[in-house]
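Trainee: Here you go, this is final_39.cif (mmCIF, C-alpha atoms).
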data_final
loop_
_atom_site.label_atom_id
_atom_site.label_comp_id
_atom_site.auth_asym_id
_atom_site.auth_seq_id
_atom_site.Cartn_x
_atom_site.Cartn_y
_atom_site.Cartn_z
CA MET Q 1 73.03 105.58 79.61
CA LEU Q 2 74.19 108.25 82.06
CA ALA Q 3 75.01 105.62 84.71
CA TYR Q 4 76.75 103.49 82.06
CA ALA Q 5 78.88 106.44 80.92
CA ALA Q 6 79.66 107.35 84.53
CA ASP Q 7 80.81 103.77 85.20
CA TRP Q 8 83.27 103.85 82.31
CA MET Q 9 84.46 107.33 83.23
CA ASN Q 10 85.08 106.03 86.73
CA ILE Q 11 86.93 102.92 85.49
CA LEU Q 12 89.20 104.76 83.07
CA THR Q 13 89.95 107.62 85.46
CA ARG Q 14 90.71 105.22 88.32
CA TRP Q 15 92.99 103.16 86.06
CA PHE Q 16 94.84 106.27 84.89
CA HIS Q 17 95.06 107.55 88.47
CA LEU Q 18 96.65 104.29 89.59
CA ILE Q 19 99.15 104.31 86.73
CA VAL Q 20 100.41 107.86 87.27
CA GLY Q 21 100.20 107.46 91.07
CA ILE Q 22 102.42 104.38 90.94
CA GLY Q 23 104.84 106.34 88.76
CA TRP Q 24 104.92 109.26 91.21
CA ILE Q 25 105.33 107.11 94.31
CA GLY Q 26 107.90 104.91 92.61
CA THR Q 27 109.99 107.91 91.57
CA SER Q 28 109.71 109.45 95.03
CA PHE Q 29 110.73 106.24 96.77
CA PHE Q 30 113.62 105.72 94.36
CA PHE Q 31 115.07 109.20 94.83
CA VAL Q 32 114.73 109.04 98.62
CA ALA Q 33 116.54 105.70 98.62
CA LEU Q 34 119.15 107.09 96.21
CA ASP Q 35 119.67 110.21 98.30
CA VAL Q 36 120.53 108.24 101.45
CA SER Q 37 122.87 105.91 99.56
CA PHE Q 38 125.49 108.50 98.54
CA ARG Q 39 128.99 108.11 99.99
CA ARG Q 40 132.12 110.22 99.65
CA GLU Q 41 134.67 108.74 97.22
CA ALA Q 42 138.32 109.58 96.68
CA GLY Q 43 137.74 110.66 93.09
CA ASN Q 44 134.81 113.01 93.75
CA GLY Q 45 135.22 116.24 91.84
CA PRO Q 46 134.61 119.79 93.07
CA GLY Q 47 131.10 120.37 94.40
CA VAL Q 48 130.26 116.64 94.48
CA ALA Q 49 128.76 115.69 97.83
CA GLY Q 50 128.92 111.95 97.21
CA SER Q 51 128.46 109.08 94.78
CA ALA Q 52 126.37 105.93 94.65
CA TRP Q 53 126.81 102.64 92.84
CA LEU Q 54 123.61 100.85 91.84
CA VAL Q 55 122.81 97.61 90.08
CA HIS Q 56 119.48 96.79 88.47
CA GLY Q 57 118.30 94.79 85.48
CA GLY Q 58 121.76 93.47 84.70
CA SER Q 59 123.39 96.91 84.52
CA PHE Q 60 125.61 98.93 86.86
CA TYR Q 61 125.07 102.64 87.44
CA HIS Q 62 127.35 105.30 88.94
CA VAL Q 63 125.59 108.46 90.11
CA ASP Q 64 127.04 111.68 91.57
CA ARG Q 65 125.16 114.10 93.78
CA TYR Q 66 126.17 117.75 93.89
CA THR Q 67 126.04 119.74 97.10
CA VAL Q 68 123.99 122.42 95.32
CA ALA Q 69 124.38 122.20 91.51
CA PRO Q 70 127.02 121.30 88.89
CA PRO Q 71 129.38 124.10 87.82
CA VAL Q 72 127.79 124.26 84.35
CA PHE Q 73 124.32 123.48 83.08
CA PRO Q 74 124.19 119.89 81.71
CA ALA Q 75 123.30 119.23 78.09
CA PHE Q 76 120.40 117.02 79.14
CA LEU Q 77 118.39 117.35 82.36
CA LYS Q 78 115.52 115.00 83.21
CA TRP Q 79 112.66 116.53 85.18
CA TYR Q 80 110.27 114.49 87.30
CA LYS Q 81 106.97 116.31 87.72
CA TRP Q 82 104.23 115.10 85.40
CA ASP Q 83 103.40 111.95 87.37
CA ALA Q 84 102.68 114.12 90.41
CA TYR Q 85 100.62 116.63 88.43
CA LEU Q 86 98.59 113.97 86.65
CA THR Q 87 98.01 112.03 89.86
CA PHE Q 88 96.43 115.11 91.39
CA VAL Q 89 94.39 116.04 88.32
CA SER Q 90 93.08 112.50 87.82
CA GLY Q 91 92.36 112.26 91.56
CA ILE Q 92 90.22 115.40 91.41
CA VAL Q 93 88.40 114.05 88.34
CA LEU Q 94 87.81 110.78 90.19
CA LEU Q 95 86.60 112.65 93.26
CA SER Q 96 84.14 114.59 91.11
CA VAL Q 97 82.88 111.54 89.18
CA GLN Q 98 82.55 109.28 92.21
CA TYR Q 99 81.67 111.68 95.02
CA TRP Q 100 80.62 115.09 93.73
CA LEU Q 101 78.24 113.78 91.05
CA ASN Q 102 76.77 111.31 93.57
CA ALA Q 103 76.95 113.58 96.59
CA ARG Q 104 73.65 112.41 98.09
CA ALA Q 105 74.81 108.79 98.09
CA TYR Q 106 78.53 109.10 98.82
CA LEU Q 107 79.09 112.42 100.63
CA ILE Q 108 75.94 113.35 102.52
CA ASP Q 109 74.61 111.52 105.56
CA PRO Q 110 71.56 113.34 106.97
CA LYS Q 111 72.25 111.87 110.40
CA ILE Q 112 75.58 113.74 110.45
CA LEU Q 113 74.71 116.92 108.57
CA ALA Q 114 71.76 117.53 106.27
CA MET Q 115 72.80 119.70 103.33
CA ASP Q 116 72.37 120.14 99.61
CA PRO Q 117 74.89 118.58 97.20
CA TRP Q 118 76.27 121.98 96.18
CA MET Q 119 77.13 122.68 99.82
CA ALA Q 120 78.97 119.35 100.17
CA ILE Q 121 80.96 120.09 96.99
CA ALA Q 122 81.76 123.63 98.11
CA ILE Q 123 83.03 122.39 101.49
CA SER Q 124 85.18 119.85 99.64
CA ILE Q 125 86.84 122.45 97.41
CA VAL Q 126 87.33 125.02 100.17
CA SER Q 127 88.72 122.54 102.69
CA LEU Q 128 91.25 121.02 100.27
CA THR Q 129 92.45 124.49 99.28
CA ALA Q 130 92.59 125.71 102.88
CA GLY Q 131 94.52 122.62 103.94
CA TRP Q 132 97.36 123.41 101.55
CA LEU Q 133 97.42 127.11 102.48
CA ILE Q 134 97.59 126.36 106.21
CA TYR Q 135 100.24 123.67 105.77
CA ASP Q 136 102.36 125.91 103.52
CA ALA Q 137 102.11 128.80 105.98
CA ILE Q 138 103.25 126.52 108.81
CA CYS Q 139 106.25 125.31 106.79
CA ARG Q 140 107.26 128.87 105.90
CA SER Q 141 106.98 130.05 109.50
CA PRO Q 142 109.86 129.75 112.03
CA LEU Q 143 108.26 126.45 113.10
CA GLY Q 144 109.23 125.04 109.69
CA ARG Q 145 112.89 125.01 110.76
CA THR Q 146 112.29 122.55 113.64
CA THR Q 147 111.64 118.98 112.56
CA LEU Q 148 109.78 117.41 115.49
CA PRO Q 149 107.56 120.40 116.39
CA LEU Q 150 106.73 120.81 112.70
CA ALA Q 151 105.83 117.12 112.42
CA ALA Q 152 103.60 117.39 115.49
CA VAL Q 153 101.75 120.42 114.12
CA VAL Q 154 101.23 118.81 110.68
CA PHE Q 155 100.01 115.67 112.44
CA ALA Q 156 97.52 117.80 114.40
CA LEU Q 157 96.45 119.56 111.19
CA ILE Q 158 95.61 116.28 109.46
CA VAL Q 159 93.85 114.78 112.48
CA GLY Q 160 91.93 118.02 112.98
CA ALA Q 161 90.83 117.92 109.35
CA ALA Q 162 89.76 114.30 109.82
CA TRP Q 163 87.68 115.27 112.87
CA GLY Q 164 86.06 118.04 110.85
CA PHE Q 165 85.30 115.83 107.86
CA THR Q 166 83.65 113.19 110.09
CA HIS Q 167 81.30 115.86 111.39
CA VAL Q 168 80.33 116.97 107.88
CA TYR Q 169 80.39 113.96 105.54
CA SER Q 170 79.36 110.33 105.50
CA GLY Q 171 81.93 107.78 106.64
CA ARG Q 172 83.17 107.12 103.12
CA GLY Q 173 83.13 110.77 102.20
CA ALA Q 174 85.07 111.77 105.30
CA LEU Q 175 88.01 109.38 104.91
CA ILE Q 176 88.34 109.87 101.16
CA HIS Q 177 88.58 113.59 101.89
CA VAL Q 178 91.32 113.01 104.45
CA GLY Q 179 93.20 111.21 101.67
CA ALA Q 180 92.47 114.04 99.23
CA PHE Q 181 93.49 116.60 101.87
CA VAL Q 182 96.91 114.97 102.29
CA GLY Q 183 97.23 114.23 98.57
CA THR Q 184 96.58 117.88 97.73
CA ILE Q 185 99.35 118.95 100.12
CA MET Q 186 101.74 116.45 98.50
CA ALA Q 187 100.92 117.50 94.92
CA ALA Q 188 101.05 121.20 95.79
CA ASN Q 189 104.47 120.63 97.37
CA VAL Q 190 105.67 119.53 93.94
CA PHE Q 191 103.79 122.15 91.90
CA ARG Q 192 104.20 125.18 94.18
CA VAL Q 193 107.52 124.57 95.93
CA ILE Q 194 109.78 121.81 94.60
CA ILE Q 195 109.58 122.43 90.85
CA PRO Q 196 109.56 126.27 91.07
CA GLY Q 197 112.63 126.10 93.32
CA GLN Q 198 114.42 123.77 90.95
CA ARG Q 199 113.44 125.93 87.98
CA ARG Q 200 114.86 129.01 89.68
CA MET Q 201 118.12 127.18 90.41
CA VAL Q 202 118.38 126.19 86.75
CA GLU Q 203 117.82 129.81 85.68
CA GLN Q 204 120.57 130.94 88.03
CA LEU Q 205 122.93 128.27 86.70
CA ILE Q 206 122.26 129.24 83.08
CA ALA Q 207 122.85 132.89 83.96
CA GLY Q 208 126.25 132.00 85.38
CA GLU Q 209 125.14 132.72 88.95
CA THR Q 210 125.66 130.49 91.97
CA PRO Q 211 122.35 128.67 92.57
CA ASP Q 212 120.66 129.49 95.86
CA ALA Q 213 121.26 126.49 98.15
CA ARG Q 214 118.27 127.54 100.28
CA LEU Q 215 115.90 126.68 97.43
CA GLY Q 216 117.32 123.17 97.28
CA ALA Q 217 116.99 122.76 101.03
CA ILE Q 218 113.33 123.83 100.97
CA ALA Q 219 112.58 121.48 98.07
CA LYS Q 220 114.28 118.63 99.93
CA GLN Q 221 112.22 119.32 103.05
CA ARG Q 222 108.94 119.15 101.11
CA SER Q 223 110.09 116.01 99.29
CA VAL Q 224 110.80 114.34 102.64
CA HIS Q 225 107.35 115.37 103.89
CA ASN Q 226 105.81 113.73 100.83
CA THR Q 227 107.59 110.44 101.36
CA TYR Q 228 106.53 110.27 105.02
CA LEU Q 229 102.90 110.96 104.09
CA THR Q 230 102.78 108.36 101.30
CA LEU Q 231 101.95 105.23 103.31
CA PRO Q 232 99.09 106.83 105.28
CA VAL Q 233 97.57 108.48 102.21
CA LEU Q 234 97.55 105.18 100.29
CA LEU Q 235 95.41 103.56 102.96
CA MET Q 236 93.08 106.57 103.07
CA MET Q 237 92.54 106.30 99.34
CA VAL Q 238 91.38 102.66 99.52
CA SER Q 239 89.50 103.10 102.82
CA ASN Q 240 86.10 103.16 101.11
CA HIS Q 241 86.42 99.39 100.65
CA TYR Q 242 86.57 98.88 104.42
CA PRO Q 243 83.59 100.06 106.49
CA VAL Q 244 85.45 98.99 109.63
CA LEU Q 245 87.51 102.15 108.97
CA THR Q 246 85.11 104.55 107.27
CA ASN Q 247 82.05 103.93 109.42
CA HIS Q 248 83.68 103.59 112.79
CA PRO Q 249 82.21 106.12 115.27
CA GLN Q 250 85.74 107.45 115.93
CA SER Q 251 87.13 107.17 112.43
CA TRP Q 252 89.07 110.42 112.94
CA LEU Q 253 90.97 108.65 115.72
CA LEU Q 254 91.72 105.81 113.30
CA VAL Q 255 93.21 108.42 110.98
CA ALA Q 256 95.57 109.43 113.80
CA LEU Q 257 96.55 105.79 114.31
CA ILE Q 258 97.09 105.29 110.58
CA LEU Q 259 99.53 108.21 110.66
CA VAL Q 260 101.24 106.67 113.69
CA ILE Q 261 101.56 103.36 111.83
CA GLY Q 262 102.50 104.61 108.36
CA GLY Q 263 104.86 107.48 109.20
CA PRO Q 264 107.24 105.52 111.47
CA MET Q 265 107.25 102.54 109.09
CA ARG Q 266 108.32 104.82 106.26
CA HIS Q 267 111.00 106.27 108.54
CA PHE Q 268 112.26 102.76 109.31
CA ILE Q 269 112.49 101.92 105.61
CA VAL Q 270 114.30 105.16 104.76
CA ARG Q 271 116.81 104.91 107.59
CA HIS Q 272 117.39 101.21 107.00
CA GLU Q 273 118.23 102.05 103.38
CA ALA Q 274 120.60 104.71 104.73
CA GLY Q 275 122.46 102.04 106.69
CA ASP Q 276 121.37 102.99 110.23
CA SER Q 277 121.71 100.18 112.77
CA LEU Q 278 118.53 98.39 113.79
CA VAL Q 279 119.15 99.37 117.40
CA LYS Q 280 118.95 103.03 116.39
CA ILE Q 281 115.69 102.75 114.45
CA VAL Q 282 113.85 99.89 116.17
CA TRP Q 283 111.64 102.47 117.90
CA ALA Q 284 109.89 103.18 114.59
CA PRO Q 285 108.38 99.71 113.96
CA ALA Q 286 107.71 99.42 117.71
CA LEU Q 287 105.65 102.63 117.60
CA ALA Q 288 103.89 101.45 114.43
CA ALA Q 289 103.08 98.14 116.16
CA LEU Q 290 101.58 99.98 119.13
CA GLY Q 291 99.47 102.02 116.73
CA LEU Q 292 98.28 98.86 114.99
CA VAL Q 293 97.36 97.20 118.31
CA ALA Q 294 95.40 100.30 119.29
CA ALA Q 295 93.58 100.25 115.92
CA LEU Q 296 92.74 96.57 116.31
CA ILE Q 297 91.36 97.16 119.80
CA LEU Q 298 89.39 100.20 118.68
CA THR Q 299 87.80 98.37 115.75
CA ALA Q 300 87.21 95.01 117.50
CA PRO Q 301 83.74 93.72 116.53
CA LYS Q 302 81.03 93.84 119.13
CA ALA Q 303 78.10 91.46 119.20
CA ALA Q 304 75.01 93.13 117.80
CA PRO Q 305 72.04 92.99 120.20
CA THR Q 306 69.26 90.86 118.76
CA GLY Q 307 67.06 90.51 121.82
CA GLY Q 308 66.46 86.88 120.91
CA ALA Q 309 64.07 87.98 118.18
CA VAL Q 310 63.05 85.45 115.55
CA VAL Q 311 62.72 87.11 112.16
CA SER Q 312 60.97 85.32 109.32
CA ASP Q 313 62.26 85.18 105.77
CA ALA Q 314 59.24 87.18 104.62
CA ALA Q 315 59.94 89.93 107.16
CA VAL Q 316 63.61 90.26 106.27
CA LEU Q 317 62.84 90.25 102.54
CA ALA Q 318 60.31 93.03 103.08
CA LEU Q 319 63.04 94.96 104.88
CA THR Q 320 65.62 94.47 102.12
CA ALA Q 321 63.04 95.32 99.46
CA LYS Q 322 62.53 98.63 101.24
CA HIS Q 323 66.19 99.48 101.82
CA CYS Q 324 68.49 97.37 99.64
CA THR Q 325 67.19 95.97 96.39
CA MET Q 326 66.85 99.23 94.52
CA CYS Q 327 70.64 98.80 94.09
CA HIS Q 328 71.31 95.17 94.99
CA ALA Q 329 69.11 93.46 92.41
CA GLU Q 330 69.57 91.76 89.07
CA ARG Q 331 68.14 94.91 87.50
CA PRO Q 332 68.71 97.86 89.85
CA THR Q 333 66.13 100.64 89.81
CA HIS Q 334 68.49 103.19 91.42
CA GLU Q 335 69.56 105.76 88.84
CA GLY Q 336 73.20 105.47 89.86
CA PHE Q 337 73.63 101.77 89.05
CA THR Q 338 73.24 99.61 85.98
CA GLU Q 339 74.32 96.43 87.79
CA ALA Q 340 74.31 95.30 91.39
CA PRO Q 341 77.38 96.76 93.16
CA LYS Q 342 80.07 94.08 93.51
CA GLY Q 343 77.60 91.55 92.15
CA VAL Q 344 75.74 91.43 95.47
CA THR Q 345 72.03 90.74 94.94
CA LEU Q 346 69.66 90.58 97.90
CA GLY Q 347 66.35 89.60 96.35
CA THR Q 348 65.92 86.16 97.94
CA ALA Q 349 66.55 84.49 101.29
CA ALA Q 350 69.23 82.39 99.60
CA ASP Q 351 70.95 85.60 98.44
CA LEU Q 352 70.87 87.00 101.97
CA ALA Q 353 72.38 83.83 103.41
CA ARG Q 354 75.07 83.79 100.71
CA PHE Q 355 76.12 87.39 101.38
CA ALA Q 356 75.48 87.35 105.15
CA PRO Q 357 79.11 88.23 106.07
CA LEU Q 358 79.03 91.27 103.79
CA ILE Q 359 75.61 92.32 105.11
CA LYS Q 360 76.93 92.04 108.67
CA ALA Q 361 80.01 94.15 107.89
CA GLN Q 362 78.18 96.81 105.86
CA ALA Q 363 74.75 97.17 107.46
CA ILE Q 364 74.88 95.63 110.95
CA ASP Q 365 78.34 96.13 112.46
CA THR Q 366 78.50 99.52 110.72
CA ASP Q 367 76.05 101.85 109.00
CA ALA Q 368 77.94 101.94 105.69
CA MET Q 369 74.85 100.71 103.86
CA PRO Q 370 72.52 101.96 102.52
CA LEU Q 371 74.77 104.62 101.00
CA GLY Q 372 74.14 107.92 102.75
CA ASN Q 373 71.18 106.15 104.39
CA GLU Q 374 69.06 107.39 101.50
CA THR Q 375 66.22 105.08 102.52
CA GLY Q 376 66.23 106.06 106.19
CA ILE Q 377 66.81 102.62 107.68
CA THR Q 378 66.39 102.69 111.47
CA ASP Q 379 68.47 101.11 114.21
CA ALA Q 380 65.53 98.83 115.00
CA GLU Q 381 65.48 97.60 111.40
CA ARG Q 382 69.24 96.98 111.51
CA ALA Q 383 68.67 94.93 114.67
CA LEU Q 384 66.03 92.82 112.89
CA LEU Q 385 68.40 92.29 109.99
CA GLY Q 386 71.11 91.34 112.49
CA ALA Q 387 68.83 88.84 114.18
CA TRP Q 388 68.06 87.13 110.86
CA VAL Q 389 71.75 87.02 109.87
CA ALA Q 390 72.71 85.64 113.31
CA ALA Q 391 70.21 82.83 112.79
CA HIS Q 392 71.64 81.99 109.37
CA PRO Q 393 75.44 81.77 109.87
#
Can you give me the file's structure in the form of structure tokens?
Mentor:
Amino acid sequence: MLAYAADWMNILTRWFHLIVGIGWIGTSFFFVALDVSFRREAGNGPGVAGSAWLVHGGSFYHVDRYTVAPPVFPAFLKWYKWDAYLTFVSGIVLLSVQYWLNARAYLIDPKILAMDPWMAIAISIVSLTAGWLIYDAICRSPLGRTTLPLAAVVFALIVGAAWGFTHVYSGRGALIHVGAFVGTIMAANVFRVIIPGQRRMVEQLIAGETPDARLGAIAKQRSVHNTYLTLPVLLMMVSNHYPVLTNHPQSWLLVALILVIGGPMRHFIVRHEAGDSLVKIVWAPALAALGLVAALILTAPKAAPTGGAVVSDAAVLALTAKHCTMCHAERPTHEGFTEAPKGVTLGTAADLARFAPLIKAQAIDTDAMPLGNETGITDAERALLGAWVAAHP
């Protein structure tokens, strides 16, 4: 019953996380696109920096943007914050349900670092907190006033965190923590910087004071950081479905390449929406393409050595019974599963032949399975499994 309840908790939390995450990203993308679409018009009133005309769903919209704030507080002001807050909260709940409660399977790999679950959880909490504190300190330092050096240092911070996580956690655990590391920075930008700054500006406006333009500039900077981090963090969050990423020996380097791909592509989209000429921004997709080529080369499959061994059905079934079928069976005996993950059962030779491509990707080309190598499968046993799969294409 505990595994059954955990499954439903996982399903509902993941569903909720997707819903509020889509809302947050959608709002962010919309406002970034809106911000770059403003143009000066002849009829713009005092303090209006520009206006934008929009059409959507059969209606036309006319929006003004103020340089700092309107001269008087509006009767109705719509705040956008809860999607960001709830995305973070549901993400932490999902991290705890999926990874903290199953730390031995999803976080800990004894070949990388043998530790108790409480240690893995403590490292998770401390590292996510430290990531935000370091990033925030960098942004508040003099370096925060220089765009390219700041971007380079934040890039190094994320890649450094990725390197650290790959030397502490399993492949899945490492990349999901890179995503959580970046996601925490993004959510904290909203909670600790953007909304407090906007709230202070509102208080100043209500008090009849001139709102501090510096607060708006800082909020805008953090908002821009969030939009540039969005594409990379989305891939990090779904990386656990792709062992070619999570279980690559240099997965931290793949994180760097994902940033190189996602950041410039987001820049291209933003500047294209702003009306920049393609000649001016073509460097961005070109850089992203180079990053993608490098990632493809880095992850290119290599033929697994089989030594020409002939492995019988009985031998391979004995191997899978030892290492696989406690989870991948019609009735799993592993306490964490009530059904075979993804419907993959490995109890017969016919099952192994049917799921051979998945076996190759998860247990031969990479060491993604068994989870956390709980059963202690050896490289020699993986080679035997590879030899059988190679003989049954």
Trainee: Tell me which protein, DNA and RNA residues are within 6 Å of segment 91-104 of chain Q, counting only C-alpha atoms, leaving out same-chain ones fewer than 3 positions away, and put them as a list in words.
Mentor: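 The neighbour list is Thr87, Phe88, Leu107, Ile108, Pro117 and Ile121 of chain Q.
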Trainee: Work out how far apart atom CA of Pro301 of chain Q and atom CA of Leu157 of chain Q are and give it in Å to one decimal.
Mentor: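 About the pair atom CA of Pro301 of chain Q and atom CA of Leu157 of chain Q: they are 29.3 Å apart.
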Trainee: Ranking Q:Pro70, Q:Gly21, Q:Gly275, Q:Pro357 by minimum distance to Met237 of chain Q and counting all atoms listed in the file, which one comes first?
Mentor: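 Closest to Met237 of chain Q of all the choices is Q:Gly21.
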Trainee: Excluding Glu374 of chain Q and residues on its chain fewer than 6 positions from it, collect all residues at most 12 Å away from it, counting all atoms listed in the file, and give them as a list in words.
Mentor: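 The contact residues come out as Asn102, Ala103, Arg104, Ala105, Tyr106, Leu107, Ile108, Asp109, Pro110, Lys111, Ala114, Ser170, Lys322, His323, Cys324, Met326, Cys327, His334, Asp367 and Ala368 of chain Q.
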Trainee: Applied to this file, what does the PyMOL selection byres ((chain Q and resi 173-179) around 6) return in terms of residues, put as a PyMOL selection string?
Mentor: chain Q and resi 106-107+162+165-166+169-172+180-183+233+236-237
Trainee: Report as a list of chain:residue names the full result of the PyMOL selection byres ((chain Q and resi 251-255) around 7) when it is applied to this structure.
Mentor: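 Expected selection for the PyMOL selection byres ((chain Q and resi 251-255) around 7) here is Q:Val159, Q:Ala162, Q:Trp163, Q:Thr166, Q:Leu245, Q:Thr246, Q:Asn247, Q:His248, Q:Pro249, Q:Gln250, Q:Ala256, Q:Leu257, Q:Ile258, Q:Leu259, Q:Ala295.
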Trainee: Show me, as a list in words, the residues that have an atom within 9 Å of segment 42-55 of chain Q when counting all atoms listed in the file, minus same-chain residues fewer than 2 positions from it.
Mentor: Leu34, Asp35, Ser37, Phe38, Arg39, Arg40, Gly57, Gly58, Ser59, Phe60, Tyr61, His62, Val63, Asp64, Arg65, Tyr66, Thr67, Val68, Ala69, Pro70 and Pro71 of chain Q
Trainee: Around all the atoms of segment 379-391 of chain Q listed in the file, with 3 Å of room on each side, what axis-aligned box do you get, giving centre and edge lengths in Å to one decimal, as lines of an AutoDock Vina configuration file?
Mentor:
center_x = 69.1
center_y = 92.0
center_z = 112.4
size_x = 13.2
size_y = 24.3
size_z = 11.1
Trainee: Pick from Q:Thr13, Q:Leu18, Q:Lys78, Q:Leu290: nearest to Val238 of chain Q, with only C-alpha atoms counted?
Mentor: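 Of all the options, Q:Leu18 lies closest to Val238 of chain Q.
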Trainee: Apply the PyMOL selection byres ((chain Q and resi 227) around 8) to the structure shown and report the selected residues as a ChimeraX atom specification.
Mentor: /Q:28-29,32,223-226,228-231,266
Trainee: Please identify all polymer residues within 9 Å of Ala353 of chain Q, counting only C-alpha atoms, omitting same-chain residues fewer than 5 positions from it, and present them as an mmCIF file with C-alpha atoms, keeping the file's coordinate frame.
Mentor:
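The resulting result.cif:
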data_model
loop_
_atom_site.group_PDB
_atom_site.id
_atom_site.type_symbol
_atom_site.label_atom_id
_atom_site.label_comp_id
_atom_site.auth_asym_id
_atom_site.auth_seq_id
_atom_site.Cartn_x
_atom_site.Cartn_y
_atom_site.Cartn_z
ATOM 1 C CA THR Q 348 65.920 86.160 97.940
ATOM 2 C CA VAL Q 389 71.750 87.020 109.870
ATOM 3 C CA HIS Q 392 71.640 81.990 109.370
ATOM 4 C CA PRO Q 393 75.440 81.770 109.870
#
Trainee: Between Q:Cys139, Q:Ala5, Q:Phe31, Q:Ser90, which residue has the minimum interatomic distance to Ile19 of chain Q, considering only C-alpha atoms?
Mentor: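 So, comparing all the options, the nearest one is Q:Ser90.
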Trainee: Given the choices Q:Glu339, Q:Leu352, Q:Ala380, Q:Thr147, which gets closest to Asp7 of chain Q if the distance is worked out from all atoms listed in the file?
Mentor: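 The closest residue to Asp7 of chain Q is Q:Glu339.
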Trainee: Kindly indicate which residue among Q:His241, Q:Ala284, Q:Ser127, Q:Tyr80 lies nearest to Ile195 of chain Q, using only C-alpha atoms for the distances.
Mentor: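 Ranked by minimum distance to Ile195 of chain Q, first place goes to Q:Tyr80.
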Trainee: Nearest to Ala289 of chain Q among Q:Met265, Q:Leu234, Q:Ala137, Q:Val154, with distances taken over all atoms listed in the file: which residue is it?
Mentor: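 The shortest atom-to-atom distance to Ala289 of chain Q comes from Q:Met265.
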Trainee: Between atom CA of Ala152 of chain Q and atom CA of Phe268 of chain Q, measure the distance and give it in Å to one decimal.
Mentor: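 Taking atom CA of Ala152 of chain Q and atom CA of Phe268 of chain Q, their separation equals 18.1 Å.
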Trainee: Which value, in Å to one decimal, gives the distance between atom CA of Trp132 of chain Q and atom CA of Ala213 of chain Q?
Mentor: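 Interatomic distance, atom CA of Trp132 of chain Q to atom CA of Ala213 of chain Q: 24.3 Å.
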